[in-house]
file run-v6.txt (compact mmCIF, C-alpha atoms and all ligand atoms)
# COMPACT_ATOMS: atom_id res chain seq x y z
CA MET A 1 71.30 106.95 111.57
CA GLY A 2 71.93 109.45 108.73
CA PHE A 3 75.08 111.46 108.19
CA ASP A 4 75.47 114.30 110.70
CA PRO A 5 78.73 116.13 109.90
CA GLU A 6 78.98 117.79 113.31
CA ALA A 7 78.41 114.49 115.12
CA MET A 8 81.20 112.94 113.04
CA ARG A 9 83.53 115.90 113.71
CA ALA A 10 82.85 115.74 117.47
CA PHE A 11 83.40 111.97 117.51
CA GLU A 12 86.70 112.25 115.62
CA ARG A 13 87.91 115.10 117.78
CA ALA A 14 87.12 113.34 121.06
CA ARG A 15 88.77 110.14 119.82
CA TRP A 16 91.99 111.86 118.64
CA GLU A 17 92.28 113.86 121.86
CA ARG A 18 92.20 110.54 123.65
CA ALA A 19 94.55 108.68 121.28
CA ALA A 20 97.25 111.39 121.07
CA GLY A 21 99.44 110.19 123.96
CA ARG A 22 99.59 106.60 122.69
CA TYR A 23 99.51 107.30 118.93
CA GLU A 24 103.24 107.28 118.19
CA ALA A 25 103.83 103.86 119.73
CA SER A 26 100.71 102.32 118.20
CA PHE A 27 99.10 103.38 114.93
CA ALA A 28 101.89 105.70 113.79
CA THR A 29 104.07 102.62 113.23
CA ALA A 30 101.71 102.02 110.27
CA THR A 31 101.11 105.61 109.07
CA ARG A 32 104.74 106.77 109.15
CA GLN A 33 105.82 104.17 106.62
CA PHE A 34 104.00 106.08 103.87
CA ILE A 35 105.56 109.50 104.48
CA PRO A 36 108.40 109.14 101.93
CA ALA A 37 105.90 108.28 99.15
CA LEU A 38 103.60 111.12 100.27
CA LEU A 39 106.39 113.71 100.19
CA ASP A 40 107.64 112.41 96.84
CA ALA A 41 104.13 112.91 95.46
CA ALA A 42 104.12 116.46 96.87
CA ASP A 43 107.50 117.14 95.19
CA VAL A 44 109.17 117.59 98.58
CA GLY A 45 111.01 114.29 98.65
CA ASP A 46 114.36 114.78 96.97
CA GLY A 47 116.06 117.18 99.37
CA ALA A 48 116.15 119.76 96.60
CA VAL A 49 113.75 122.25 98.19
CA GLY A 50 114.98 125.29 100.09
CA ALA A 51 113.77 127.09 103.18
CA ASP A 52 111.67 129.33 100.93
CA HIS A 53 109.55 126.24 100.08
CA ARG A 54 106.60 126.42 102.48
CA VAL A 55 104.94 123.06 103.19
CA LEU A 56 101.68 122.56 105.11
CA ASP A 57 101.06 119.25 106.94
CA ILE A 58 97.25 118.98 107.18
CA CYS A 59 95.85 116.79 110.00
CA CYS A 60 99.43 116.66 111.24
CA GLY A 61 98.91 114.66 114.45
CA PRO A 62 102.36 114.47 116.11
CA GLY A 63 103.90 116.29 113.12
CA PHE A 64 105.83 113.49 111.44
CA VAL A 65 105.17 114.78 107.91
CA ALA A 66 106.10 118.35 108.86
CA ALA A 67 109.34 117.07 110.42
CA ALA A 68 110.16 114.98 107.33
CA ALA A 69 109.50 117.99 105.06
CA ALA A 70 111.77 120.14 107.26
CA SER A 71 114.48 117.49 107.03
CA GLN A 72 114.28 117.89 103.23
CA GLY A 73 115.03 121.61 103.64
CA ALA A 74 111.50 123.03 103.54
CA THR A 75 109.87 125.41 106.02
CA ALA A 76 107.10 123.24 107.44
CA THR A 77 103.92 124.04 109.34
CA GLY A 78 101.48 121.54 110.82
CA VAL A 79 97.77 122.01 111.47
CA ASP A 80 95.42 119.74 113.41
CA PHE A 81 92.20 120.24 115.38
CA SER A 82 93.33 118.12 118.34
CA GLN A 83 94.96 120.08 121.12
CA ALA A 84 96.47 116.90 122.56
CA MET A 85 98.08 116.00 119.21
CA LEU A 86 99.52 119.52 119.00
CA VAL A 87 101.01 119.17 122.49
CA VAL A 88 102.85 116.05 121.27
CA ALA A 89 103.86 117.73 117.99
CA ARG A 90 105.30 120.81 119.72
CA ALA A 91 107.16 118.68 122.26
CA ARG A 92 108.68 116.47 119.53
CA HIS A 93 109.55 119.20 117.02
CA GLY A 94 110.22 122.40 118.96
CA ALA A 95 111.60 124.28 115.95
CA LEU A 96 108.49 123.79 113.78
CA ALA A 97 105.22 125.75 113.76
CA PHE A 98 102.00 123.95 114.67
CA ASP A 99 98.56 125.58 114.61
CA GLN A 100 95.19 124.46 115.81
CA GLY A 101 92.62 124.45 113.05
CA ASP A 102 90.04 122.42 111.19
CA ALA A 103 90.98 121.01 107.79
CA GLU A 104 87.67 122.38 106.45
CA ALA A 105 88.55 125.95 107.54
CA LEU A 106 92.34 126.35 107.46
CA PRO A 107 93.64 129.32 109.49
CA TYR A 108 95.85 130.66 106.67
CA PRO A 109 95.51 133.30 103.93
CA ASP A 110 95.13 132.35 100.29
CA ALA A 111 98.27 131.17 98.46
CA SER A 112 100.44 130.87 101.58
CA PHE A 113 102.06 127.48 100.82
CA ASP A 114 104.09 125.94 97.99
CA ALA A 115 103.00 122.38 98.84
CA ALA A 116 100.50 120.66 101.12
CA ALA A 117 100.41 117.07 102.34
CA SER A 118 98.05 115.07 104.52
CA ASN A 119 98.98 111.61 105.78
CA PHE A 120 95.78 109.66 106.61
CA GLY A 121 93.89 112.82 107.57
CA ILE A 122 91.45 113.73 104.79
CA HIS A 123 89.14 110.71 105.23
CA HIS A 124 88.61 111.69 108.90
CA VAL A 125 87.09 115.03 107.87
CA PRO A 126 83.30 115.08 107.49
CA HIS A 127 83.49 116.76 104.06
CA PRO A 128 86.75 115.65 102.37
CA VAL A 129 86.03 117.82 99.32
CA ALA A 130 85.73 120.88 101.59
CA ALA A 131 89.17 120.03 103.01
CA LEU A 132 90.62 119.68 99.51
CA ARG A 133 89.03 123.02 98.57
CA GLU A 134 90.77 124.61 101.54
CA ALA A 135 94.10 123.02 100.59
CA TYR A 136 93.60 124.43 97.08
CA ARG A 137 92.89 127.89 98.48
CA VAL A 138 96.03 128.04 100.65
CA LEU A 139 98.33 126.74 97.87
CA ARG A 140 99.98 129.16 95.48
CA PRO A 141 99.35 128.59 91.76
CA GLY A 142 101.55 125.68 90.70
CA GLY A 143 101.58 124.27 94.24
CA ARG A 144 101.06 120.56 94.73
CA LEU A 145 98.81 118.70 97.17
CA ALA A 146 99.35 115.04 98.10
CA PHE A 147 97.40 112.93 100.53
CA THR A 148 97.16 109.30 101.63
CA ILE A 149 94.12 107.25 102.57
CA TRP A 150 93.95 103.55 103.41
CA ALA A 151 93.34 101.16 100.52
CA ALA A 152 90.29 98.88 100.66
CA PRO A 153 90.47 95.95 103.13
CA ALA A 154 90.97 93.48 100.24
CA GLU A 155 94.49 94.94 99.88
CA ASN A 156 94.87 96.25 103.41
CA ILE A 157 95.22 92.97 105.21
CA ALA A 158 95.49 94.27 108.81
CA TRP A 159 92.03 95.83 108.39
CA LYS A 160 90.65 92.73 106.67
CA LEU A 161 91.88 90.47 109.48
CA LEU A 162 90.09 92.58 112.09
CA PHE A 163 86.85 93.12 110.16
CA ASP A 164 86.58 89.44 109.16
CA ALA A 165 87.30 88.25 112.73
CA ILE A 166 84.64 90.59 114.15
CA ALA A 167 82.16 89.43 111.49
CA ARG A 168 82.79 85.79 112.49
CA HIS A 169 82.97 86.13 116.28
CA GLY A 170 81.69 89.58 117.24
CA ASP A 171 79.21 92.21 116.10
CA PRO A 172 80.21 94.47 113.16
CA SER A 173 77.29 96.80 113.91
CA ALA A 174 78.01 97.24 117.63
CA SER A 175 79.94 100.51 117.31
CA ASP A 176 78.16 103.72 118.28
CA ALA A 177 80.40 105.80 115.98
CA PRO A 178 78.34 108.28 113.95
CA ALA A 179 77.87 107.47 110.26
CA PRO A 180 80.83 108.54 108.08
CA GLY A 181 80.27 111.14 105.41
CA GLY A 182 80.17 108.79 102.47
CA GLY A 183 82.62 107.08 100.21
CA PHE A 184 86.18 108.27 100.22
CA SER A 185 88.11 105.08 99.88
CA THR A 186 88.86 104.39 96.20
CA PRO A 187 91.26 105.89 93.64
CA ALA A 188 88.26 107.05 91.57
CA GLN A 189 86.80 108.88 94.58
CA CYS A 190 90.17 110.55 95.24
CA LEU A 191 90.41 111.72 91.63
CA ALA A 192 86.84 113.07 91.67
CA ALA A 193 87.48 114.86 94.98
CA LEU A 194 90.69 116.42 93.63
CA GLY A 195 88.86 117.56 90.50
CA ALA A 196 86.10 119.34 92.44
CA PRO A 197 88.18 122.33 93.60
CA GLY A 198 90.11 122.36 90.30
CA PHE A 199 93.32 120.40 90.94
CA ALA A 200 95.01 119.50 87.65
CA ALA A 201 97.16 116.49 86.75
CA ALA A 202 95.42 114.43 89.45
CA GLU A 203 96.93 110.97 89.91
CA THR A 204 96.79 108.09 92.35
CA HIS A 205 98.96 105.08 93.01
CA ILE A 206 99.06 102.32 95.61
CA VAL A 207 101.94 101.98 98.06
CA ARG A 208 102.41 98.78 100.05
CA ALA A 209 104.17 98.12 103.35
CA ARG A 210 104.22 95.64 106.23
CA TRP A 211 102.96 96.38 109.75
CA ARG A 212 104.95 94.45 112.38
CA HIS A 213 103.44 93.08 115.59
CA ARG A 214 104.43 90.46 118.09
CA ASP A 215 101.06 88.73 117.55
CA GLY A 216 97.39 89.31 116.79
CA ALA A 217 96.64 90.63 120.27
CA ALA A 218 99.34 93.28 119.86
CA MET A 219 97.86 94.32 116.51
CA VAL A 220 94.39 94.69 118.01
CA ALA A 221 95.87 96.67 120.93
CA ALA A 222 97.60 99.04 118.47
CA LEU A 223 94.38 99.58 116.53
CA GLN A 224 92.48 100.21 119.76
CA ALA A 225 95.09 102.64 121.13
CA GLY A 226 95.78 104.66 118.01
CA THR A 227 92.66 104.91 115.83
CA ALA A 228 89.20 106.49 116.02
CA ARG A 229 86.51 104.48 114.23
CA MET A 230 88.28 101.12 114.54
CA ALA A 231 88.95 101.72 118.23
CA ALA A 232 85.23 102.37 118.73
CA LEU A 233 84.40 99.13 116.89
CA ILE A 234 86.84 97.10 119.01
CA GLU A 235 85.66 98.65 122.28
CA ALA A 236 82.02 97.96 121.37
CA GLN A 237 82.62 94.20 121.19
CA ASP A 238 81.44 92.00 124.03
CA PRO A 239 84.62 91.43 126.12
CA ALA A 240 83.75 87.73 126.16
CA ALA A 241 84.09 87.66 122.35
CA LEU A 242 87.55 89.25 122.22
CA PRO A 243 89.59 86.05 122.79
CA ALA A 244 87.83 84.40 119.83
CA ILE A 245 88.34 87.53 117.68
CA ILE A 246 92.05 87.55 118.48
CA ALA A 247 92.40 83.80 117.94
CA ASP A 248 90.71 84.20 114.53
CA ILE A 249 93.21 86.93 113.59
CA GLU A 250 96.09 84.67 114.67
CA ARG A 251 94.78 81.81 112.51
CA HIS A 252 94.24 83.93 109.41
CA ALA A 253 97.54 85.81 109.81
CA ALA A 254 99.59 82.62 109.59
CA ASP A 255 100.84 83.50 106.08
CA TRP A 256 102.52 86.64 107.43
CA ARG A 257 104.26 85.15 110.45
CA ASP A 258 108.04 84.93 110.61
CA ALA A 259 110.59 84.43 113.41
CA ASP A 260 109.92 87.93 114.76
CA GLY A 261 106.12 87.71 114.79
CA LEU A 262 103.63 89.13 112.27
CA ALA A 263 104.50 91.31 109.27
CA VAL A 264 101.01 92.10 108.01
CA PRO A 265 100.55 93.72 104.57
CA ILE A 266 99.07 97.21 104.61
CA ALA A 267 98.41 99.46 101.64
CA ALA A 268 97.62 103.11 101.01
CA ILE A 269 96.38 105.15 98.09
CA VAL A 270 98.64 108.14 97.44
CA ALA A 271 96.69 110.87 95.62
CA THR A 272 98.10 114.07 94.21
CA GLY A 273 97.13 117.10 92.16
CA ARG A 274 98.51 120.51 91.20
CA LYS A 275 96.84 123.89 91.52
CA PRO A 276 96.96 125.38 87.99
C1 LIG A 301 95.27 109.02 111.58
S1 LIG A 301 95.80 110.52 112.33
C2 LIG A 301 97.13 110.99 111.20
C3 LIG A 301 98.22 111.76 111.91
C4 LIG A 301 99.49 112.02 111.09
N1 LIG A 301 99.18 112.78 109.89
C5 LIG A 301 100.28 110.79 110.75
O1 LIG A 301 100.95 110.81 109.73
O2 LIG A 301 100.30 109.81 111.49
C6 LIG A 301 94.50 111.64 111.87
C7 LIG A 301 94.73 113.06 112.37
O3 LIG A 301 93.75 113.90 111.77
C8 LIG A 301 93.31 114.85 112.71
N2 LIG A 301 92.00 115.35 112.25
C9 LIG A 301 90.89 114.59 112.06
N3 LIG A 301 89.89 115.38 111.61
C10 LIG A 301 90.39 116.65 111.52
C11 LIG A 301 89.84 117.88 111.11
N4 LIG A 301 88.56 117.99 110.71
N5 LIG A 301 90.63 118.97 111.11
C12 LIG A 301 91.93 118.89 111.53
N6 LIG A 301 92.49 117.75 111.95
C13 LIG A 301 91.74 116.62 111.93
C14 LIG A 301 93.31 114.09 114.02
O4 LIG A 301 93.33 114.94 115.14
C15 LIG A 301 94.56 113.23 113.88
O5 LIG A 301 95.69 113.89 114.42

call {"tool": "encode", "arguments": {"input": "run-v6.txt", "output": "structure tokens"}}
result
Amino acid sequence: MGFDPEAMRAFERARWERAAGRYEASFATATRQFIPALLDAADVGDGAVGADHRVLDICCGPGFVAAAAASQGATATGVDFSQAMLVVARARHGALAFDQGDAEALPYPDASFDAAASNFGIHHVPHPVAALREAYRVLRPGGRLAFTIWAAPAENIAWKLLFDAIARHGDPSASDAPAPGGGFSTPAQCLAALGAPGFAAAETHIVRARWRHRDGAAMVAALQAGTARMAALIEAQDPAALPAIIADIERHAADWRDADGLAVPIAAIVATGRKP
């Protein structure tokens, strides 16, 4: 099946509406670890900004980035297309502003923010470059954008464990998720995407962390509860194959087991650029 941007957008939206209530306790335990590096890259990380520093959290989900920016002194706004995510965000952070909107068509005037950040959002958008163009538009000249995406499975071991186990014991092609919009998973692709709207001083670096789980079954449950495309892949597996998939993960995760369970390496690309 070829790339259909509206099919991808509808799939993502339906999946995030469904995941919102369980996101914080599942996948957010991975994504939140990268917020300090993301805000550092957006020049919001040192507590030196004032309330006149307006920060936009794009694809905000439950608003963790917006809340972290506010705790640094900034005036933070979150935007997401999922109503259910916004319900969680508003309940968690009553003092912050959250708006419903698509990252490809932000509901803000030109030059309304001093910085923008997106934690694991941009690669869910059908046209990432269109989202970066919108971020560029709403930033004032001199404003900085930073975003994170997951590093390739070779470095992102939680993903590798799942994909390899499904390849050995399940069906990697079983998912009915619509085709993604094309490559947006390497530092070079991030730099090219940042260059398209005109971001200057574009840079990327890798940040590494550990994702803790009691065991392989708990890791699979977190991926199923709190993701979109990976949840669809897990749910598409024959239920009879799942025990072998989980046992395979357990075997191959042995290097990352300690007294408390698994501490699986995960890695993100942090990308940043400045509007001239
Ligand atoms: C992996 S979650 C990241 C949430 C949060 N930023 C975090 O740090 O955990 C991806 C988020 O992107 C949102 N999203 C996906 N596509 C979007 C789009 N086209 N426009 C706006 N939000 C989108 C989803 O609703 C979801 O909340």

call {"tool": "closest_atom_pairs", "arguments": {"input": "run-v6.txt", "of": "chain A", "to": "ligand LIG 301 (chain A)", "cutoff": "7 Å", "atoms": "all atoms listed in the file", "output": "CSV"}}
result
residue,atom,partner,partner_atom,distance
A:Arg9,CA,A:LIG301,N4,6.2
A:Glu12,CA,A:LIG301,C9,6.0
A:Arg13,CA,A:LIG301,O4,6.0
A:Trp16,CA,A:LIG301,O4,4.9
A:Glu17,CA,A:LIG301,O4,6.9
A:Ala28,CA,A:LIG301,O2,5.0
A:Thr31,CA,A:LIG301,O2,4.9
A:Arg32,CA,A:LIG301,O1,5.6
A:Ile58,CA,A:LIG301,N6,6.9
A:Cys59,CA,A:LIG301,O3,4.0
A:Cys60,CA,A:LIG301,N1,4.1
A:Gly61,CA,A:LIG301,O5,3.3
A:Pro62,CA,A:LIG301,C4,6.3
A:Gly63,CA,A:LIG301,C4,6.5
A:Phe64,CA,A:LIG301,O1,5.8
A:Val65,CA,A:LIG301,O1,6.1
A:Val79,CA,A:LIG301,C12,6.6
A:Asp80,CA,A:LIG301,N6,3.8
A:Phe81,CA,A:LIG301,C12,4.1
A:Ser82,CA,A:LIG301,O4,4.5
A:Met85,CA,A:LIG301,O5,5.8
A:Gly101,CA,A:LIG301,C12,5.8
A:Asp102,CA,A:LIG301,N5,3.5
A:Ala103,CA,A:LIG301,N5,3.9
A:Glu104,CA,A:LIG301,N4,6.2
A:Ser118,CA,A:LIG301,N1,5.9
A:Asn119,CA,A:LIG301,N1,4.3
A:Phe120,CA,A:LIG301,C2,5.0
A:Gly121,CA,A:LIG301,O3,4.3
A:His124,CA,A:LIG301,N3,4.8
A:Val125,CA,A:LIG301,N4,4.4
A:Pro126,CA,A:LIG301,N4,6.8
A:Thr227,CA,A:LIG301,C1,6.5

call {"tool": "atom_distance", "arguments": {"input": "run-v6.txt", "atom1": "CA of Ala201 in chain A", "atom2": "CA of Ala42 in chain A"}}
result
12.3 Å

call {"tool": "closest_residue", "arguments": {"input": "run-v6.txt", "among": "A:Gly195, A:Trp211, A:Ala97, A:Ala236", "to": "Ala67 in chain A", "atoms": "all atoms listed in the file"}}
result
A:Ala97

call {"tool": "closest_residue", "arguments": {"input": "run-v6.txt", "among": "A:Met219, A:Ala179, A:Val207, A:Ile122", "to": "Gly261 in chain A", "atoms": "all atoms listed in the file"}}
result
A:Met219

call {"tool": "closest_residue", "arguments": {"input": "run-v6.txt", "among": "A:Leu242, A:Ala89, A:Ala271, A:Ala68", "to": "Asp171 in chain A", "atoms": "all atoms listed in the file"}}
result
A:Leu242

call {"tool": "closest_residue", "arguments": {"input": "run-v6.txt", "among": "A:Arg140, A:His205, A:His169, A:Lys275", "to": "Asp238 in chain A", "atoms": "all atoms listed in the file"}}
result
A:His169

call {"tool": "closest_residue", "arguments": {"input": "run-v6.txt", "among": "A:Leu162, A:Ala200, A:Ala51, A:Leu56", "to": "Ala221 in chain A", "atoms": "all atoms listed in the file"}}
result
A:Leu162

call {"tool": "atom_distance", "arguments": {"input": "run-v6.txt", "atom1": "CA of Gly94 in chain A", "atom2": "CA of Arg144 in chain A"}}
result
26.0 Å
